[in-house]
There are 4 protein chains.
Amino acid sequence: MKAGFEQDKMKDACGVFAIHAPDKDVARLAYFALFSLQHRGQESAGIAVYSDKEIVCYKNMGLVTLVFDEKILRLLKGRMAVGHVRYSTTGSSNEVNAQPILAGSDTIRHSKSCGAKYRRQVAVAHNGNLVNTATLREELQEQGVEFETSSDTEVIAEMIAMSDKPTAEEAVADSLRQARGAFSIVALCEGKIFAARDSFGIRPLCLGKLGDGNWAVASETCAFSIIGAQFEREIRPGELVIIDDSGVKSVDYTKPQREALCIFEFIYFARPDSVMLGQTLYTVRRNLGAILAAESQVEADVVISVPDSGTPAAIGFAQASGIPFVDGLIKNRYVGRTFIQPNQEMRELGVKMKLNPLSDNIRGKRVVMVDDSIVRGSTSSKIVSLLRANGATEVHVRVSSPPVKFPCFYGIDTASREELVASQLSVEQIKEMLGADSLSYISEEGMFKATSMDRHNFCSACFTEEYPIPIPQQLHLEKLMYENGKKQENRVPTCLRENNPRS
Amino acid sequence: MKAGFEQDKMKDACGVFAIHAPDKDVARLAYFALFSLQHRGQESAGIAVYSDKEIVCYKNMGLVTLVFDEKILRLLKGRMAVGHVRYSTTGSSNEVNAQPILAGSDTIRHSKSCGAKYRRQVAVAHNGNLVNTATLREELQEQGVEFETSSDTEVIAEMIAMSDKPTAEEAVADSLRQARGAFSIVALCEGKIFAARDSFGIRPLCLGKLGDGNWAVASETCAFSIIGAQFEREIRPGELVIIDDSGVKSVDYTKPQREALCIFEFIYFARPDSVMLGQTLYTVRRNLGAILAAESQVEADVVISVPDSGTPAAIGFAQASGIPFVDGLIKNRYVGRTFIQPNQEMRELGVKMKLNPLSDNIRGKRVVMVDDSIVRGSTSSKIVSLLRANGATEVHVRVSSPPVKFPCFYGIDTASREELVASQLSVEQIKEMLGADSLSYISEEGMFKATSMDRHNFCSACFTEEYPIPIPQQLHLEKLMYENGKKQENRVPTCLRENNPRS
Amino acid sequence: MKAGFEQDKMKDACGVFAIHAPDKDVARLAYFALFSLQHRGQESAGIAVYSDKEIVCYKNMGLVTLVFDEKILRLLKGRMAVGHVRYSTTGSSNEVNAQPILAGSDTIRHSKSCGAKYRRQVAVAHNGNLVNTATLREELQEQGVEFETSSDTEVIAEMIAMSDKPTAEEAVADSLRQARGAFSIVALCEGKIFAARDSFGIRPLCLGKLGDGNWAVASETCAFSIIGAQFEREIRPGELVIIDDSGVKSVDYTKPQREALCIFEFIYFARPDSVMLGQTLYTVRRNLGAILAAESQVEADVVISVPDSGTPAAIGFAQASGIPFVDGLIKNRYVGRTFIQPNQEMRELGVKMKLNPLSDNIRGKRVVMVDDSIVRGSTSSKIVSLLRANGATEVHVRVSSPPVKFPCFYGIDTASREELVASQLSVEQIKEMLGADSLSYISEEGMFKATSMDRHNFCSACFTEEYPIPIPQQLHLEKLMYENGKKQENRVPTCLRENNPRS
Amino acid sequence: MKAGFEQDKMKDACGVFAIHAPDKDVARLAYFALFSLQHRGQESAGIAVYSDKEIVCYKNMGLVTLVFDEKILRLLKGRMAVGHVRYSTTGSSNEVNAQPILAGSDTIRHSKSCGAKYRRQVAVAHNGNLVNTATLREELQEQGVEFETSSDTEVIAEMIAMSDKPTAEEAVADSLRQARGAFSIVALCEGKIFAARDSFGIRPLCLGKLGDGNWAVASETCAFSIIGAQFEREIRPGELVIIDDSGVKSVDYTKPQREALCIFEFIYFARPDSVMLGQTLYTVRRNLGAILAAESQVEADVVISVPDSGTPAAIGFAQASGIPFVDGLIKNRYVGRTFIQPNQEMRELGVKMKLNPLSDNIRGKRVVMVDDSIVRGSTSSKIVSLLRANGATEVHVRVSSPPVKFPCFYGIDTASREELVASQLSVEQIKEMLGADSLSYISEEGMFKATSMDRHNFCSACFTEEYPIPIPQQLHLEKLMYENGKKQENRVPTCLRENNPRS
């Protein structure tokens with residue numbers, strides 16, 4: 001459980017939320033919103049509020065419902081709030097990485113004497129990954145800033161707090177202009193909420209309206225549904241939205257580029273009931289399944305999904321193919337906290353922690369198993385075996401995304417290229433590895449068609465190697481070294497989807 | 001959050017597990033088994049183990065994964081174990097009600113001087129509800145037993161510990177013969193595992209085999225799947241199974257009656273991947289949907305379920321009716337612990353904590369909404385409104401169980417008769433109350449047909465008032481009084497399914 | 001560990017603190033002040049702060065250092081604060097009794113609909129005991145107030161919150177005029193700190209100055225020392241002090257009576273480094289020892305104390321008598337939390353949890369054992385035995401207070417009269433009971449002389465039965481019933497000093 | 001709060017306990033014994049028990065009373081136990097360092113595959129410091145052992161577990177023969193308790209008798225008092241005591257050297273009611289004070305101590321000099337857990353967390369302030385100022401140990417030589433630094449005389465640089481580097497006594 005250097009190198013998917021509602025219980029609304037964004041991060045949760053003078057923040061490791069209780073929420077009085085949920089990467093149970101991150105004053109760090117001269121207090125919550133963290137960090141260190149984490153979020157927060165620009169708005173805009181990479185951030189500074197996306201809009205962020213002049217910002221629209229807010233619009237690439245008592249204001253803090261939203265938000269990350277680029281993701285995923293069915297027909301008796309994320313595509317596949325959809329694998333839903341590991345003896349007994357096959361629906365059947373993606377392939381392989389052991393006569397694997405061949409540097413924790421099975425093996429070889437009777441991925445064209453959008457609206461670098469933001473060579477090397485450096489037992493498949501609590 | 005007297009009157013659904021495996025890590029296996037039975041109870045969890053001399057027990061409030069950690073599991077060394085998960089009823093957060101319950105010696109209670117003369121130490125885990133608790137309790141009190149709870153489980157444990165029968169087997173058998181009501185129990189006593197069902201077999205219990213002469217007992221077969229055990233057979237009504245180093249032994253401790261398994265295990269309680277009476281429950285539930293479709297045809301565009309428990313029936317309904325199944329409501333899955341309540345302001349904002357409608361699949365559609373049961377009707381009514389607010393042009397409610405008209409006295413926490421909507425209103429009136437365009441319940445005949453079993457295999461008293469075990473008038477009165485006595489704000493609909501964490 | 005009705009009847013010594021310092025970290029200062037008052041109550045601790053709009057409060061069971069951590073303190077931002085530590089009575093581990101108590105709005109209770117019409121929000125911390133709680137409570141209940149506790153503090157808080165007086169000051173003054181009994185309270189209401197004592201000044205309360213127009217109020221002056229404040233003066237009987245941005249204001253909310261400070265504050269309760277009525281209590285206690293030595297001379301080899309509270313008197317006794325003072329009993333200081341009980345077997349082994357005799361200083365010696373008081377006598381008796389078992393040839397018990405014969409109704413948890421050994425037995429009989437060679441109490445005259453004050457400055461009803469405030473017959477009965485009603489095992493000697501964590 | 005490399009280099013004073021009592025509740029007895037040894041370590045506590053098959057262990061950060069509760073104690077069933085309390089060094093809050101340390105099997109580490117071939121399971125609790133840890137560690141690593149800590153205790157445990165000697169006794173003896181340094185250890189292995197001291201007996205360890213053939217071993221005799229055991233004798237240097245069902249057996253596992261007990265156990269570490277080398281330490285400390293008074297006479301009005309550890313010497317000083325002893329500084333006793341720091345503002349306010357002066361006893365007086373030792377001198381300096389600020393006209397510092405000039409390498413966390421004030425300054429210079437009117441240390445001769453023992457019975461290297469066990473040059477360098485490497489803010493004076501929780 002040691003949080004070593006490597007762990008700090010891992011940048012993760014996260015969920016962010018902000019609200020400006022002077023007459024409401026903003027902490028409680030943030031709590032519920034973060035609860036609805038919990039699928040974006042289960043490692044830690046935090047809320048910072050601002051009343052009239054100062055920002056206070058409470059955050060801890062664990063699910064939203066574990067971090068906060070009634071007594072804590074009642075202390076978080078304020079007129080506006082920002083919140084964050086963080087993705088759980090293996091072994092990193094380090095509270096310093098929890099967000100929002102405070103900079104400026106009144107942080108534990110700065111109660112000690114510190115060389116830095118702060119100009120303002122700020123709380124930042126961030127989803128994404130900067131690619132020029134090291135450079136920015138060094139500059140701040142020269143100004144006397146002492147960092148507590150190696151996180152890029154802390155760098156952003158310190159930039160804003162240290163900025164010599166006269167207003168918070170200029171300080172935020174100026175800081176964001178210096179940042180390279182993928183980021184959707186919300187910040188609380190000088191009585192205003194700031195929300196911005198990088199110039200490609202790689203990570204999602206949207207604006208919602210609560211009525212009475214109150215506004216919210218969230219990674220996904222499902223956060224608006226739970227608090228009764230109305231989705232207003234997406235924050236645009238390169239846009240900085242400022243919310244204060246006078247309402248919502250928008251500036252382009254930088255020149256926007258083409259939209260390049262992470263395609264995996266459509267395929268798997270976001271909740272199916274969220275809406276992005278005007279599309280309900282459930283519908284997109286069902287389309288993916290339908291197109292996949294058309295592209296790779298197969299004779300079979302039942303269509304099953306790898307729950308829960310594969311289900312919309314499986315339903316779409318079933319409806320397009322006419323093969324009936326059934327539940328083939330039942331998932332245990334009560335994973336609360338850090339999980340105890342089965343021991344070797346239990347692994348030999350065949351302990352199946354997460355998925356239990358429904359033999360009735362499989363036995364003697366030719367099964368189409370629909371999943372949303374394959375990264376390393378190890379989990380898929382186990383599921384195929386499980387289905388066969390429970391009587392499936394054939395197993396046809398259908399994947400509603402193209403082969404993942406290239407790592408992500410924009411905030412998603414993929415494996416290194418060497419570990420991505422599709423970058424090492426042909427589809428035929430992967431089929432053999434999985435032990436499947438057939439294997440088909442959706443085509444890139446099919447995928448884009450399912451989104452009803454143009455391919456140029458997305459970042460699909462993990463399929464195509466077309467990274468919209470250049471990746472410094474250094475990051476490539478670090479990813480490689482990191483992967484090689486990890487001990488085998490810690491080398492948990494923290495990849496696009498396997499072992500992810502959501503899958 | 002006060003645990004008053006009334007709370008003790010509430011008897012709840014629970015999950016039990018036992019294992020005899022001298023060379024294995026029995027506590028860890030019990031942990032995983034209880035994890036798979038978590039749907040049967042989220043209030044508390046406990047495991048008792050026996051090594052060579054004594055029983056030790058650890059239990060606490062909360063989910064299995066919260067109660068136990070690696071450090072605690074390592075202290076639970078033993079050759080055999082019993083475990084328990086308890087259903088969470090509102091407000092009752094009382095640790096003394098956690099099971100297994102120890103009696104005999106070395107309990108906290110008996111470290112104080114106590115008039116009772118114990119003959120043996122026993123740990124009991126119980127699912128069900130005795131109807132003669134009061135009588136048995138008084139007899140034991142006369143012998144000097146001081147009770148810590150008002151639970152019937154403590155009564156059973158004390159009977160066994162106090163019994164003057166020479167062996168544990170005779171003590172258990174004799175105690176069970178005195179018990180009236182519904183019970184499936186597992187107990188650990190004098191180096192043996194005991195497992196028994198009441199003479200009607202109202203609550204489920206089954207036997208599994210681990211190999212190497214090791215055996216397990218569980219409420220449901222899904223607990224065997226997770227630990228790699230093989231389902232052997234169900235424990236029979238009136239049967240007492242004894243497991244020790246010499247293997248499995250069976251005695252009929254009492255004359256078995258007709259099997260009267262709780263029909264709601266088939267409809268809703270048990271996990272869909274569990275097998276009871278030879279039937280996989282998923283299949284039964286799909287059958288229920290299909291028969292329901294045939295019984296109450298409707299013109300509609302989509303079939304949706306009230307997730308998660310209504311889904312198999314909805315899929316069955318869709319396939320039988322030819323109307324496509326889609327997900328219409330997305331459920332938030334990360335409910336970890338006691339939940340913070342939205343305040344009044346948030347309720348007005350329309351905070352929807354658990355279910356979010358997928359407008360894309362509903363808007364402009366005639367919707368069939370399939371649910372497994374309606375108890376008070378309040379939740380169903382809200383969901384119908386939600387669907388209409390999201391654009392459903394028609395909402396046809398289909399229920400895969402008949403109208404629930406009578407309370408349960410066998411371990412299920414139903415409402416009082418007055419609160420059961422179907423005992424007060426006609427189907428037409430309920431339809432009006434729900435605001436549905438049409439409402440149909442499956443017929444009793446249809447329900448039994450879906451089970452592939454005879455109606456005489458089940459207790460279906462909640463539909464028919466045919467209680468297999470007579471209910472003392474006193475219990476009827478208490479249930480009534482209890483319901484009337486509860487303050488309105490505490491009167492949470494702890495009913496067959498509404499507000500249940502599983503639904 | 002059940003908190004039954006009886007427990008709520010027990011009124012306890014407590015410590016209170018308030019601070020008005022808009023530019024300082026008032027919660028942190030309150031934390032340290034409460035830490036210095038910890039001897040007045042170890043059961044629970046709490047701090048309420050007010051910033052510009054609302055009062056927020058955090059409190060919990062346990063020592064100050066356990067209840068608060070850095071993360072919580074940082075959430076308690078405010079311009080002023082009130083704090084409280086509560087005395088630990090056996091078995092009562094009920095968080096609802098923790099103080100400060102909030103009334104008005106935003107309490108958990110009032111987030112539910114409640115009949116009461118509140119006019120203001122208030123937080124109250126209280127040391128003392130009202131004797132007309134029942135009457136006041138009923139009046140409030142008629143106005144729709146729903147009480148959560150049976151505490152008199154909640155009654156005071158609700159009176160203030162409900163008062164139809166136009167200002168907070170008038171509401172507080174009016175409420176206090178209705179209260180009968182002993183009370184020193186601090187309250188936070190409408191941006192002001194209120195501090196008041198009953199008209200006899202039975203429980204202590206004093207005013208301190210922090211400089212820069214900042215003020216503090218505390219039960220004892222030691223709280224000023226720890227935060228660097230200067231003792232200004234004692235709050236007078238019947239005085240209400242109001243502190244706000246404009247400074248300190250004083251009104252006599254009622255006609256003051258003669259001062260009647262609890263004499264036991266001088267003898268035992270307060271910290272020896274605190275100053276009351278102009279006297280440093282250490283000096284008073286040393287005087288008590290010196291006068292006791294003069295009153296009851298004895299030939300002996302060593303003077304020992306029952307640590308820690310008996311030590312100043314023992315040192316005074318030694319110096320006056322010329323008999324050398326030595327440590328005779330070593331006390332274990334690391335009692336952190338709820339303590340595990342030794343079992344019967346260990347009691348037989350002679351487990352001595354708290355005091356270990358220093359045989360070297362006792363063996364073969366004639367010992368004078370100085371204690372500050374004897375209530376039930378059971379502990380004293382054990383210590384005498386322990387000294388003899390470790391070789392003392394003679395044990396002469398000297399008590400630096402007169403015999404305690406009458407119960408306290410003003411906030412101190414004494415035994416009932418029947419349990420007070422001095423109300424049942426003569427000094428000679430008590431000597432026999434203790435197994436001492438001689439026993440002497442200080443005379444009343446001697447006691448008052450040691451204080452350098454007049455007897456009319458004190459309440460000494462526990463010695464004299466001269467209760468300054470009339471005690472309703474009902475309270476006498478309840479005290480009696482309470483004592484008789486307690487089960488023997490719960491009947492912990494929660495008396496003036498035995499078993500008190502301080503002793 | 002990071003536990004970095006440096007922290008692992010710090011070896012600390014600790015307390016150990018072992019008990020063999022098959023029919024008793026050994027975990028509960030160990031709990032009470034550790035509670036009485038709490039002054040030897042407040043960082044972590046742990047107990048390991050052995051029943052018939054395996055050792056189980058529970059340990060955690062915190063005081064004994066926080067680590068264990070009734071529920072945990074009940075799981076620790078066994079026939080014998082070993083326990084440990086660990087000294088709290090700044091910043092090191094790392095649970096892996098808690099003891100007892102298990103090796104062999106069933107530790108978390110070894111549930112993973114590990115190259116090592118264990119021959120037995122062992123639990124070790126250790127007080128002291130090896131000087132050849134690095135060498136032993138490397139040898140074990142070559143055999144496949146993977147270490148979790150850098151602690152020497154883990155090395156000892158692994159040596160025993162890996163030893164190819166046929167019996168536990170030979171394995172323990174052989175392992176101890178390889179260890180160089182100061183160590184008093186207790187171990188539990190193959191159903192036997194082992195207790196041993198290094199060949200110089202630098203750290204204390206003694207044997208006690210419970211009756212009925214039951215035995216205990218503890219760092220100090222106060223642990224016997226609390227559980228009702230009788231002190232039997234000290235374990236001898238180079239002796240290995242083995243306790244099992246057949247009784248106590250003793251072997252000299254190595255050739256004993258001269259006794260060289262740490263003189264600081266007499267001066268300060270051990271509880272005053274403990275007995276070592278036949279002397280009650282309270283008496284020794286009073287003697288130290290008396291001799292100090294004779295050696296360095298002074299005209300003064302009062303003698304005060306720096307509580308609590310300086311008190312016996314102060315009393316001895318007072319009695320020998322005829323100057324009256326009074327309490328001059330009152331200590332806050334309720335430090336429960338990690339303590340919140342005063343902020344800069346509060347430090348300026350003069351926050352005095354631990355000691356409050358009793359002005360009455362100081363004002364206008366010539367004060368002799370007796371302390372047991374001075375290491376860095378910073379705390380003493382603050383106390384002298386405090387006394388003057390409270391009116392002392394003269395402050396004469398008297399120290400009941402000679403000047404500490406040399407670091408300890410045998411398990412005591414002293415400062416580096418550079419930080420030891422007496423190694424840098426003359427007594428006259430220190431006097432100036434402290435701001436005292438005079439300063440005297442006891443002479444070495446005086447100190448030994450006070451012990452009633454010969455100087456050759458002790459290790460007094462911190463005064464004399466005569467290290468009984470040679471210190472490898474590497475350790476000198478590491479101590480130096482460690483000190484230089486620490487950041488200033490972390491450079492907490494973890495020295496012989498300042499800032500120690502006991503002082």
# chains A, B, ... in the order shown; residues from 1 in each chain; ligands from 1
>>> residues_around(residues="Ser274 in chain B", least_positions_apart="3", cutoff="9 Å", atoms="only C-alpha atoms", output="list of chain:residue names")
A:Leu358, B:Glu220, B:Thr221, B:Cys222, B:Ala223, B:Ala270, B:Arg271, B:Gln279, B:Thr280, B:Leu281, B:Tyr282
>>> residues_around(residues="range 84-87 of chain B", least_positions_apart="3", cutoff="8 Å", atoms="only C-alpha atoms", output="PyMOL selection string")
chain B and resi 12-17+34+37-38+40-47+64+98-100+125-126
>>> write_last_selection(atoms="C-alpha atoms", output="PDB file, in the first residue's frame")
ATOM      1  CA  ASP B  12     -36.017  -9.114   8.791  1.00  0.00           C
ATOM      2  CA  ALA B  13     -34.777 -11.067   5.846  1.00  0.00           C
ATOM      3  CA  CYS B  14     -31.206 -12.167   6.344  1.00  0.00           C
ATOM      4  CA  GLY B  15     -28.525 -14.330   4.817  1.00  0.00           C
ATOM      5  CA  VAL B  16     -26.750 -17.162   6.589  1.00  0.00           C
ATOM      6  CA  PHE B  17     -23.673 -19.185   5.780  1.00  0.00           C
ATOM      7  CA  LEU B  34     -21.420 -13.291   2.880  1.00  0.00           C
ATOM      8  CA  LEU B  37     -25.307 -12.768   0.074  1.00  0.00           C
ATOM      9  CA  GLN B  38     -25.087  -9.067   0.790  1.00  0.00           C
ATOM     10  CA  ARG B  40     -30.111 -10.291   1.788  1.00  0.00           C
ATOM     11  CA  GLY B  41     -28.955  -7.807   4.398  1.00  0.00           C
ATOM     12  CA  GLN B  42     -26.864  -4.660   4.545  1.00  0.00           C
ATOM     13  CA  GLU B  43     -27.304  -3.627   8.138  1.00  0.00           C
ATOM     14  CA  SER B  44     -24.732  -5.762   9.856  1.00  0.00           C
ATOM     15  CA  ALA B  45     -22.362  -8.627   9.196  1.00  0.00           C
ATOM     16  CA  GLY B  46     -20.659 -11.157  11.410  1.00  0.00           C
ATOM     17  CA  ILE B  47     -18.566 -14.294  11.424  1.00  0.00           C
ATOM     18  CA  VAL B  64     -19.364  -7.076   4.864  1.00  0.00           C
ATOM     19  CA  ALA B  98     -25.977  -8.206  14.792  1.00  0.00           C
ATOM     20  CA  GLN B  99     -25.515 -11.935  14.329  1.00  0.00           C
ATOM     21  CA  PRO B 100     -24.163 -14.588  14.823  1.00  0.00           C
ATOM     22  CA  ALA B 125     -27.144 -17.282  12.689  1.00  0.00           C
ATOM     23  CA  HIS B 126     -30.755 -17.158  11.696  1.00  0.00           C
TER      24      HIS B 126
END
>>> interface_residues(of="chain A", to="chain C", cutoff="10 Å", atoms="only C-alpha atoms", output="PDB file with N, CA and C atoms, in the first residue's frame")
ATOM      1  N   ALA A  48     -14.940  21.925  -1.474  1.00  0.00           N
ATOM      2  CA  ALA A  48     -14.465  23.192  -0.914  1.00  0.00           C
ATOM      3  C   ALA A  48     -15.586  24.208  -1.055  1.00  0.00           C
ATOM      4  N   VAL A  49     -15.813  24.985  -0.013  1.00  0.00           N
ATOM      5  CA  VAL A  49     -16.851  26.010  -0.084  1.00  0.00           C
ATOM      6  C   VAL A  49     -16.253  27.368   0.237  1.00  0.00           C
ATOM      7  N   SER A  51     -17.554  31.125   1.742  1.00  0.00           N
ATOM      8  CA  SER A  51     -18.673  31.923   2.223  1.00  0.00           C
ATOM      9  C   SER A  51     -18.384  33.381   1.901  1.00  0.00           C
ATOM     10  N   ASP A  52     -17.852  34.119   2.821  1.00  0.00           N
ATOM     11  CA  ASP A  52     -17.614  35.520   2.490  1.00  0.00           C
ATOM     12  C   ASP A  52     -16.157  35.900   2.581  1.00  0.00           C
ATOM     13  N   LYS A  53     -15.429  35.098   3.252  1.00  0.00           N
ATOM     14  CA  LYS A  53     -14.051  35.460   3.509  1.00  0.00           C
ATOM     15  C   LYS A  53     -13.050  34.455   2.983  1.00  0.00           C
ATOM     16  N   GLU A  54     -13.352  33.198   3.275  1.00  0.00           N
ATOM     17  CA  GLU A  54     -12.324  32.212   3.025  1.00  0.00           C
ATOM     18  C   GLU A  54     -12.917  30.961   2.420  1.00  0.00           C
ATOM     19  N   ILE A  55     -12.006  30.201   1.845  1.00  0.00           N
ATOM     20  CA  ILE A  55     -12.367  28.887   1.332  1.00  0.00           C
ATOM     21  C   ILE A  55     -12.035  27.859   2.413  1.00  0.00           C
ATOM     22  N   VAL A  56     -12.962  26.966   2.694  1.00  0.00           N
ATOM     23  CA  VAL A  56     -12.612  25.824   3.535  1.00  0.00           C
ATOM     24  C   VAL A  56     -12.892  24.564   2.730  1.00  0.00           C
ATOM     25  N   CYS A  57     -12.183  23.511   3.066  1.00  0.00           N
ATOM     26  CA  CYS A  57     -12.222  22.313   2.237  1.00  0.00           C
ATOM     27  C   CYS A  57     -12.197  21.082   3.126  1.00  0.00           C
ATOM     28  N   TYR A  58     -12.980  20.099   2.761  1.00  0.00           N
ATOM     29  CA  TYR A  58     -12.898  18.817   3.447  1.00  0.00           C
ATOM     30  C   TYR A  58     -12.811  17.730   2.389  1.00  0.00           C
ATOM     31  N   LYS A  59     -11.850  16.847   2.562  1.00  0.00           N
ATOM     32  CA  LYS A  59     -11.662  15.775   1.591  1.00  0.00           C
ATOM     33  C   LYS A  59     -11.008  14.601   2.286  1.00  0.00           C
ATOM     34  N   ASN A  60     -11.202  13.443   1.731  1.00  0.00           N
ATOM     35  CA  ASN A  60     -10.627  12.250   2.334  1.00  0.00           C
ATOM     36  C   ASN A  60     -10.657  11.119   1.325  1.00  0.00           C
ATOM     37  N   GLU A  70     -23.391  13.805   7.932  1.00  0.00           N
ATOM     38  CA  GLU A  70     -24.226  14.967   8.207  1.00  0.00           C
ATOM     39  C   GLU A  70     -23.458  16.027   8.994  1.00  0.00           C
ATOM     40  N   LYS A  71     -22.674  15.588   9.969  1.00  0.00           N
ATOM     41  CA  LYS A  71     -21.963  16.552  10.802  1.00  0.00           C
ATOM     42  C   LYS A  71     -20.950  17.368  10.009  1.00  0.00           C
ATOM     43  N   ILE A  72     -20.262  16.724   9.097  1.00  0.00           N
ATOM     44  CA  ILE A  72     -19.275  17.435   8.283  1.00  0.00           C
ATOM     45  C   ILE A  72     -19.982  18.372   7.301  1.00  0.00           C
ATOM     46  N   ARG A  74     -22.664  19.898   7.549  1.00  0.00           N
ATOM     47  CA  ARG A  74     -23.189  21.091   8.219  1.00  0.00           C
ATOM     48  C   ARG A  74     -22.113  22.145   8.495  1.00  0.00           C
ATOM     49  N   LEU A  75     -20.876  21.718   8.483  1.00  0.00           N
ATOM     50  CA  LEU A  75     -19.803  22.694   8.688  1.00  0.00           C
ATOM     51  C   LEU A  75     -19.432  23.411   7.389  1.00  0.00           C
ATOM     52  N   LEU A  76     -19.852  22.832   6.281  1.00  0.00           N
ATOM     53  CA  LEU A  76     -19.450  23.389   4.985  1.00  0.00           C
ATOM     54  C   LEU A  76     -20.486  24.409   4.518  1.00  0.00           C
ATOM     55  N   LYS A  77     -20.512  25.520   5.187  1.00  0.00           N
ATOM     56  CA  LYS A  77     -21.440  26.586   4.847  1.00  0.00           C
ATOM     57  C   LYS A  77     -20.814  27.468   3.786  1.00  0.00           C
ATOM     58  N   GLY A  78     -21.573  27.818   2.788  1.00  0.00           N
ATOM     59  CA  GLY A  78     -20.975  28.699   1.811  1.00  0.00           C
ATOM     60  C   GLY A  78     -21.973  29.134   0.776  1.00  0.00           C
ATOM     61  N   ASP A 106      -3.927  29.475   4.307  1.00  0.00           N
ATOM     62  CA  ASP A 106      -4.695  28.591   5.151  1.00  0.00           C
ATOM     63  C   ASP A 106      -4.671  27.140   4.722  1.00  0.00           C
ATOM     64  N   THR A 107      -3.681  26.754   3.988  1.00  0.00           N
ATOM     65  CA  THR A 107      -3.533  25.337   3.787  1.00  0.00           C
ATOM     66  C   THR A 107      -2.576  24.885   4.867  1.00  0.00           C
ATOM     67  N   ILE A 108      -2.555  23.623   5.137  1.00  0.00           N
ATOM     68  CA  ILE A 108      -1.670  23.122   6.183  1.00  0.00           C
ATOM     69  C   ILE A 108      -0.232  23.500   5.872  1.00  0.00           C
TER      70      ILE A 108
END
>>> closest_residue(among="C:Ile362, C:Val217, C:Ile227, C:Ala436", to="Ala392 in chain C", atoms="only C-alpha atoms")
C:Ile362
>>> residues_around(residues="Glu394 in chain B", least_positions_apart="3", cutoff="8 Å", atoms="only C-alpha atoms", output="VMD selection string")
chain B and resid 365 to 367 388 436 to 437
>>> atom_distance(atom1="CA of Val302 in chain B", atom2="CA of Asn361 in chain B")
7.9 Å
>>> atom_distance(atom1="CA of Arg203 in chain B", atom2="CA of His39 in chain B")
15.1 Å
>>> closest_residue(among="C:Leu420, C:Val131, C:Met159, C:Val306", to="Gln143 in chain C", atoms="only C-alpha atoms")
C:Met159
>>> residues_around(residues="Ala216 in chain B", least_positions_apart="6", cutoff="8 Å", atoms="only C-alpha atoms", output="number ranges by chain")
B: 17-20, 207-210, 224, 229
>>> atom_distance(atom1="CA of Asn457 in chain B", atom2="CA of Ser401 in chain B")
16.4 Å
>>> residues_around(residues="Ile291 in chain D", least_positions_apart="4", cutoff="12 Å", atoms="only C-alpha atoms", output="ChimeraX atom specification")
/D:284-287,295-297,313-321,398-401,440-451
>>> select_by_dssp(residues="range 165-394 of chain B", states="strand (DSSP E or B)", output="ChimeraX atom specification")
/B:181-189,192-197,206-211,214-218,230-234,239-244,247-252,261-262,275-276,279-280,302-305,325,329-331,355-357,366-371,394
